[in-house]
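Peer 1: Quick one: the structure is below, questions incoming.
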Amino acid sequence: MNHAETSAHSDSTLWIPTSNWCGRLILPEESDRKDDGSIFVELLQVPGTHHSLKGETFRLRLDAEWTDRVSVSIKFGPITRSSMKTGTVHPERLDGWDRVSPLESLIGAHPENDVLVELVDPVEEGDYLVIQKEPVQISGSQRTLARFVNQNPDGKWTIQHWNRNENEFTGPTEIVAVTGRETLDPTGGEKLNAEGWYLYSDTDESGTRVVRGIEPRSLFRIKPDLLFVDEDTSLGFLKYRNWRKDKSIKGETSQIHLYPSERANNFQPKPGDKALLLHLFGGVAGKIGRKGGHFSFGMAEVVTDPFTGELRLQIEYKQIYVNNVDGLIPGSSQWHCYMGDTTIGKLEIRPVCDYLIFIPELFDETLGESAYTILERKLAEMTARYRTGEGDGLSLVSSAQNCSQDSSQALYAAIRDWEVALKAGELPSEIKPLCVRLREHITPLFGLVPWAWKRTAKRQPARPPFFRILPAIKSWKTIVPRSNSDGLAETFVRSGRPMILLRSEMVGSTDKDLNPAPPMRPW
């Protein structure tokens with residue numbers, strides 16, 4: 001190993017913590033469970049002021065009022081066991097447990113203790129760490145900015161780090177392993193690789209640095225490839241040009257800015273600006289022929305890149321997701337974990353559009369907690385319910401239970417809470433017209449609401465879902481992911497909100513038989 005490679009391992013500025021607090025979750029033995037629903041966490045990264053805690057294991061408790069409503073006993077039935085035989089991942093370790101908590105369902109979703117998370121503002125209380133928000137899933141506790149140089153005969157990769165002094169990829173080189181799909185080319189092609197990748201990793205028992213998550217730098221730099229500056233052209237792009245069935249775009253990324261009003265034209269992103277995120281992935285044209293889409297909410301924030309000093313976008317998803325063969329866990333996750341994970345990420349296998357809508361009043365905390373915090377809490381409650389399957393460890397797709405419908409169910413419950421907070425003077429008045437517009441979209445049939453939505457809004461425990469079309473008809477615009485995202489995006493454009501679209505078209509895929517296709521649109 002040459003000197004440059006050696007320095008790459010010794011220079012701690014090349015790899016920095018993914019977040020201030022990162023840890024590996026550990027499920028207690030059944031005999032070691034506690035009534036508070038706590039689990040264990042091994043701390044992998046901590047702030048400098050808490051350096052003595054690194055490597056220590058604590059009890060982790062989620063202190064949130066909704067946890068009791070979603071803590072249920074789990075007992076697998078015949079359908080769940082039949083699903084397991086097809087390779088679908090279910091929370092096997094929790095089968096037969098009473099009152100499974102949201103934290104237990106988060107780590108119990110996997111057969112092993114391999115879930116890494118960011119902890120949001122934990123507080124140390126004796127042997128406990130206490131958090132107010134659901135942990136955010138990550139795929140590595142350290143990150144860097146580098147580009148790939150070449151793949152070595154042993155399958156490992158040589159990367160070259162970003163040089164902060166020269167603002168170029170002239171830093172030390174390093175040998176890393178990249179785990180995951182054989183069909184994934186982590187360089188993403190010459191064009192993407194030239195601008196570099198954020199890599200997320202940890203070292204294994206042999207000391208090898210293993211990359212498990214990637215993010216293309218070019219996608220997150222605030223630099224539009226297309227720009228539309230009025231309402232008509234913005235709506236025209238969303239309706240006719242945003243989704244195309246075109247093999248030639250495979251492997252590309254793009255960033256589109258929509259400024260549909262004079263107010264939006266004056267928008268200049270700055271650090272700390274936040275946006276509501278609508279996530280939609282498309283279909284696959286080819287041998288598999290998957291045409292359906294997937295919808296979820298999330299949040300984006302403008303941050304200063306710690307490596308380059310430039311502004312970039314940082315994304316956190318709130319994924320409501322059914323049981324699947326990949327072991328993707330419903331809940332909060334950083335972009336590199338849900339999209340860029342090299343084993344189960346969607347970056348390679350799906351075309352994706354993330355709609356980032358900048359709505360300052362949604363994140364305004366001057367009168368109390370923000371409207372987005374209320375929505376975030378409702379989404380966390382819904383993802384916890386998906387992890388347990390309401391008691392049978394099984395979450396399936398139906399017209400009345402799916403990612404789009406239940407994300408909208410959480411939104412409806414949040415709107416009800418927003419309306420109460422508005423009357424109490426605890427939210428800015430600008431939220432009121434937003435409530436009206438969103439209600440019109442998610443409850444278009446004379447304002448009628450599915451009974452399950454009403455229970456969630458009233459903070460009542462859920463009942464086992466009925467897989468019937470009738471409840472879904474009341475919120476028919478939210479049944480199909482594309483119809484939901486298109487409708488919401490159009491609503492925000494018509495209200496003059498600045499919007500940034502992040503497009504990725506099966507980046508890194510080497511499977512020539514599969515190509516990006518638009519998500520299904522029934523009308």
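Chain labels follow the order of the structure tokens: the first chain is A, the next B, and so on; residue numbering restarts at 1 in every chain, and ligands are counted from 1 in their shown order.
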Restrict the calculation to only C-alpha atoms, then for each residue of region 80-193 of chain A with any atom at most 7 Å from an atom of region 388-412 of chain A give the closest atom pair and their distance in Å to one decimal, rows by chain and rising residue number, as CSV.

Peer 2:
```
residue,atom,partner,partner_atom,distance
A:Thr80,CA,A:Leu394,CA,5.7
A:His90,CA,A:Gly393,CA,6.1
A:Pro91,CA,A:Gly393,CA,6.2
A:Ser105,CA,A:Thr388,CA,6.4
```

Peer 1: Can you write just those residues out, C-alpha atoms, as a tab-separated table (two decimals), in the first residue's frame?

Peer 2:
```tsv
chain	number	residue	atom	x	y	z
A	80	THR	CA	-48.17	-14.69	7.32
A	90	HIS	CA	-41.66	-10.75	8.48
A	91	PRO	CA	-40.80	-9.98	12.14
A	105	SER	CA	-40.84	-3.63	15.86
```

Peer 1: Give me, as a ChimeraX atom specification, the residues of region 362-510 of chain A that a backbone DSSP run labels alpha helix (DSSP H).

Peer 2: /A:371-388,403-423,431-442,451-457,470-473,481-494

Peer 1: Give me, as JSON, numbers by chain, the residues of region 167-351 of chain A that a backbone DSSP run labels strand (DSSP E).

Peer 2: {"A": [173, 174, 175, 176, 177, 178, 197, 198, 199, 200, 201, 202, 203, 209, 210, 211, 212, 213, 214, 215, 216, 226, 227, 228, 253, 254, 255, 256, 257, 258, 274, 275, 276, 277, 278, 279, 280, 281, 283, 284, 285, 286, 294, 295, 296, 297, 298, 299, 300, 301, 302, 303, 304, 311, 312, 313, 314, 315, 316, 317, 318, 319, 331, 332, 333, 334, 351]}

Peer 1: Show me, as CSV, the residues of region 339-422 of chain A having an atom within 8 Å of region 172-190 of chain A, each with the closest atom pair and its distance in Å, using only C-alpha atoms.

Peer 2:
```
residue,atom,partner,partner_atom,distance
A:Thr342,CA,A:Gly180,CA,4.8
A:Thr343,CA,A:Gly180,CA,3.9
A:Ile344,CA,A:Gly180,CA,7.7
A:Glu348,CA,A:Leu184,CA,6.6
```

Peer 1: Those same residues, written as a PDB file, in the first residue's frame with N, CA and C atoms?

Peer 2:
```pdb
ATOM      1  N   THR A 342     -26.640  -0.197  -1.213  1.00  0.00           N
ATOM      2  CA  THR A 342     -26.111  -0.979  -2.330  1.00  0.00           C
ATOM      3  C   THR A 342     -26.689  -2.382  -2.419  1.00  0.00           C
ATOM      4  N   THR A 343     -27.471  -2.782  -1.418  1.00  0.00           N
ATOM      5  CA  THR A 343     -28.101  -4.095  -1.438  1.00  0.00           C
ATOM      6  C   THR A 343     -29.596  -4.014  -1.731  1.00  0.00           C
ATOM      7  N   ILE A 344     -30.308  -3.073  -1.104  1.00  0.00           N
ATOM      8  CA  ILE A 344     -31.760  -3.025  -1.256  1.00  0.00           C
ATOM      9  C   ILE A 344     -32.265  -1.678  -1.775  1.00  0.00           C
ATOM     10  N   GLU A 348     -30.915   1.916  -8.266  1.00  0.00           N
ATOM     11  CA  GLU A 348     -30.563   1.100  -9.432  1.00  0.00           C
ATOM     12  C   GLU A 348     -31.775   0.477 -10.108  1.00  0.00           C
TER      13      GLU A 348
END
```

Peer 1: For Arg521 (chain A), work out the shell of residues within 10 Å, counting only C-alpha atoms and skipping chain neighbours fewer than 5 positions away, then give it as number ranges by chain.

Peer 2: A: 291-293, 480-484, 486

Peer 1: Since we have the selection now, will you write its residues out, keeping N, CA and C atoms, as a short mmCIF file (atom, residue, chain, number, x, y, z; two decimals), in the first residue's frame?

Peer 2:
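Output below, filename selection36.cif:
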```
data_model
loop_
_atom_site.label_atom_id
_atom_site.label_comp_id
_atom_site.auth_asym_id
_atom_site.auth_seq_id
_atom_site.Cartn_x
_atom_site.Cartn_y
_atom_site.Cartn_z
N LYS A 291 -45.18 -2.40 -13.26
CA LYS A 291 -45.70 -1.12 -13.71
C LYS A 291 -46.17 -0.23 -12.57
N GLY A 292 -46.42 -0.80 -11.40
CA GLY A 292 -46.96 -0.02 -10.30
C GLY A 292 -45.95 0.97 -9.76
N GLY A 293 -46.44 1.95 -9.02
CA GLY A 293 -45.56 2.92 -8.40
C GLY A 293 -45.61 2.83 -6.89
N VAL A 480 -54.05 5.42 -6.11
CA VAL A 480 -52.92 5.12 -6.99
C VAL A 480 -51.81 6.13 -6.72
N PRO A 481 -50.57 5.67 -6.47
CA PRO A 481 -49.48 6.58 -6.10
C PRO A 481 -49.29 7.75 -7.06
N ARG A 482 -49.31 7.49 -8.38
CA ARG A 482 -49.06 8.60 -9.30
C ARG A 482 -50.19 9.62 -9.26
N SER A 483 -51.43 9.17 -9.18
CA SER A 483 -52.55 10.10 -9.12
C SER A 483 -52.45 10.97 -7.87
N ASN A 484 -52.02 10.38 -6.79
CA ASN A 484 -51.87 11.13 -5.54
C ASN A 484 -50.76 12.17 -5.66
N ASP A 486 -49.28 13.40 -8.39
CA ASP A 486 -49.58 14.39 -9.43
C ASP A 486 -50.58 15.41 -8.92
#
```

Peer 1: Pick out the closest residue to Ser19 (chain A) from this set: A:Leu94, A:Val117, A:Glu112, A:Glu65. Count only C-alpha atoms.

Peer 2: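 Residue with the minimum atom-to-atom distance to Ser19 (chain A): A:Val117.
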
Peer 1: Using CA of Ile222 (chain A) and CA of Glu310 (chain A) as the two end points, give the distance in Å to one decimal.

Peer 2: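 These two atoms are separated by 8.8 Å.
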
Peer 1: Can you write out as a Markdown table which residues of region 99-209 of chain A fall within 10 Å of region 326-330 of chain A, alongside each residue's closest atom pair and its distance in Å to one decimal, counting only C-alpha atoms and ordering rows by chain and ascending residue number?

Peer 2:
```
| residue | atom | partner | partner_atom | distance |
| --- | --- | --- | --- | --- |
| A:Ser105 | CA | A:Ile329 | CA | 9.5 |
| A:Leu106 | CA | A:Ile329 | CA | 7.3 |
| A:Ile107 | CA | A:Ile329 | CA | 9.0 |
| A:Gly108 | CA | A:Ile329 | CA | 9.9 |
| A:Ala109 | CA | A:Ile329 | CA | 6.7 |
| A:His110 | CA | A:Gly327 | CA | 6.8 |
| A:Pro111 | CA | A:Gly327 | CA | 9.3 |
| A:Val115 | CA | A:Ile329 | CA | 9.4 |
| A:Gln137 | CA | A:Ile329 | CA | 8.7 |
```

Peer 1: Let me see the file: selected residues, C-alpha atoms, as an mmCIF file, in the first residue's frame.

Peer 2:
```cif
data_model
loop_
_atom_site.group_PDB
_atom_site.id
_atom_site.type_symbol
_atom_site.label_atom_id
_atom_site.label_comp_id
_atom_site.auth_asym_id
_atom_site.auth_seq_id
_atom_site.Cartn_x
_atom_site.Cartn_y
_atom_site.Cartn_z
ATOM 1 C CA SER A 105 -40.844 -3.627 15.863
ATOM 2 C CA LEU A 106 -38.119 -1.506 14.261
ATOM 3 C CA ILE A 107 -35.255 -3.826 15.175
ATOM 4 C CA GLY A 108 -37.466 -6.941 15.211
ATOM 5 C CA ALA A 109 -38.310 -6.364 11.546
ATOM 6 C CA HIS A 110 -34.969 -8.002 10.692
ATOM 7 C CA PRO A 111 -33.850 -11.492 11.743
ATOM 8 C CA VAL A 115 -30.223 -2.033 11.739
ATOM 9 C CA GLN A 137 -32.378 4.410 9.403
#
```

Peer 1: Find the residues around Ser370 (chain A) up to 12 Å (only C-alpha atoms counted), leave out those fewer than 5 positions away in its own chain, and share them as a PDB file with N, CA and C atoms, in the first residue's frame.

Peer 2:
```
ATOM      1  N   LYS A 274     -36.420  24.394   4.532  1.00  0.00           N
ATOM      2  CA  LYS A 274     -36.943  23.035   4.508  1.00  0.00           C
ATOM      3  C   LYS A 274     -38.093  22.918   3.522  1.00  0.00           C
ATOM      4  N   ILE A 359     -42.441  25.300   1.632  1.00  0.00           N
ATOM      5  CA  ILE A 359     -43.601  25.896   2.292  1.00  0.00           C
ATOM      6  C   ILE A 359     -43.141  26.360   3.673  1.00  0.00           C
ATOM      7  N   PRO A 360     -42.633  27.587   3.793  1.00  0.00           N
ATOM      8  CA  PRO A 360     -42.031  28.034   5.063  1.00  0.00           C
ATOM      9  C   PRO A 360     -42.945  27.881   6.268  1.00  0.00           C
ATOM     10  N   GLU A 361     -44.258  28.186   6.094  1.00  0.00           N
ATOM     11  CA  GLU A 361     -45.151  28.133   7.254  1.00  0.00           C
ATOM     12  C   GLU A 361     -45.338  26.720   7.783  1.00  0.00           C
ATOM     13  N   LEU A 362     -45.066  25.707   6.955  1.00  0.00           N
ATOM     14  CA  LEU A 362     -45.197  24.327   7.401  1.00  0.00           C
ATOM     15  C   LEU A 362     -44.150  23.985   8.459  1.00  0.00           C
ATOM     16  N   PHE A 363     -43.037  24.706   8.452  1.00  0.00           N
ATOM     17  CA  PHE A 363     -41.932  24.415   9.362  1.00  0.00           C
ATOM     18  C   PHE A 363     -41.729  25.529  10.399  1.00  0.00           C
ATOM     19  N   ASP A 364     -42.674  26.460  10.463  1.00  0.00           N
ATOM     20  CA  ASP A 364     -42.597  27.604  11.377  1.00  0.00           C
ATOM     21  C   ASP A 364     -42.838  27.139  12.818  1.00  0.00           C
ATOM     22  N   GLU A 365     -41.875  27.409  13.709  1.00  0.00           N
ATOM     23  CA  GLU A 365     -41.980  26.997  15.108  1.00  0.00           C
ATOM     24  C   GLU A 365     -42.139  28.182  16.062  1.00  0.00           C
ATOM     25  N   LEU A 375     -47.286  16.391  11.444  1.00  0.00           N
ATOM     26  CA  LEU A 375     -47.399  15.397  10.366  1.00  0.00           C
ATOM     27  C   LEU A 375     -46.387  14.274  10.550  1.00  0.00           C
ATOM     28  N   GLU A 376     -45.172  14.626  10.910  1.00  0.00           N
ATOM     29  CA  GLU A 376     -44.118  13.637  11.125  1.00  0.00           C
ATOM     30  C   GLU A 376     -44.528  12.619  12.183  1.00  0.00           C
ATOM     31  N   ARG A 377     -45.164  13.090  13.230  1.00  0.00           N
ATOM     32  CA  ARG A 377     -45.605  12.212  14.308  1.00  0.00           C
ATOM     33  C   ARG A 377     -46.684  11.244  13.810  1.00  0.00           C
ATOM     34  N   ALA A 414     -53.149  14.626  10.575  1.00  0.00           N
ATOM     35  CA  ALA A 414     -52.359  15.823  10.876  1.00  0.00           C
ATOM     36  C   ALA A 414     -53.175  17.086  10.617  1.00  0.00           C
ATOM     37  N   ASP A 417     -55.388  17.864  13.432  1.00  0.00           N
ATOM     38  CA  ASP A 417     -54.640  18.470  14.538  1.00  0.00           C
ATOM     39  C   ASP A 417     -54.231  19.904  14.205  1.00  0.00           C
ATOM     40  N   TRP A 418     -53.900  20.165  12.932  1.00  0.00           N
ATOM     41  CA  TRP A 418     -53.563  21.534  12.530  1.00  0.00           C
ATOM     42  C   TRP A 418     -54.743  22.472  12.789  1.00  0.00           C
ATOM     43  N   ALA A 421     -54.975  23.286  16.379  1.00  0.00           N
ATOM     44  CA  ALA A 421     -53.884  24.186  16.764  1.00  0.00           C
ATOM     45  C   ALA A 421     -54.111  25.606  16.236  1.00  0.00           C
ATOM     46  N   LEU A 422     -54.690  25.711  15.045  1.00  0.00           N
ATOM     47  CA  LEU A 422     -54.988  27.033  14.489  1.00  0.00           C
ATOM     48  C   LEU A 422     -55.985  27.783  15.375  1.00  0.00           C
ATOM     49  N   GLU A 426     -51.811  28.318  17.876  1.00  0.00           N
ATOM     50  CA  GLU A 426     -50.521  27.645  18.038  1.00  0.00           C
ATOM     51  C   GLU A 426     -49.839  27.330  16.709  1.00  0.00           C
ATOM     52  N   LEU A 427     -50.459  27.747  15.600  1.00  0.00           N
ATOM     53  CA  LEU A 427     -49.846  27.618  14.281  1.00  0.00           C
ATOM     54  C   LEU A 427     -50.066  28.920  13.524  1.00  0.00           C
ATOM     55  N   PRO A 428     -49.163  29.270  12.601  1.00  0.00           N
ATOM     56  CA  PRO A 428     -49.352  30.497  11.825  1.00  0.00           C
ATOM     57  C   PRO A 428     -50.608  30.406  10.965  1.00  0.00           C
ATOM     58  N   ILE A 431     -51.298  28.516   7.541  1.00  0.00           N
ATOM     59  CA  ILE A 431     -51.555  27.079   7.436  1.00  0.00           C
ATOM     60  C   ILE A 431     -53.007  26.804   7.034  1.00  0.00           C
TER      61      ILE A 431
END
```

Peer 1: Could you check the closest approach to His441 (chain A) for each of A:Ala489, A:Ile16, A:Ile374, A:Ala285 and tell me which residue wins, using only C-alpha atoms?

Peer 2: A:Ala489
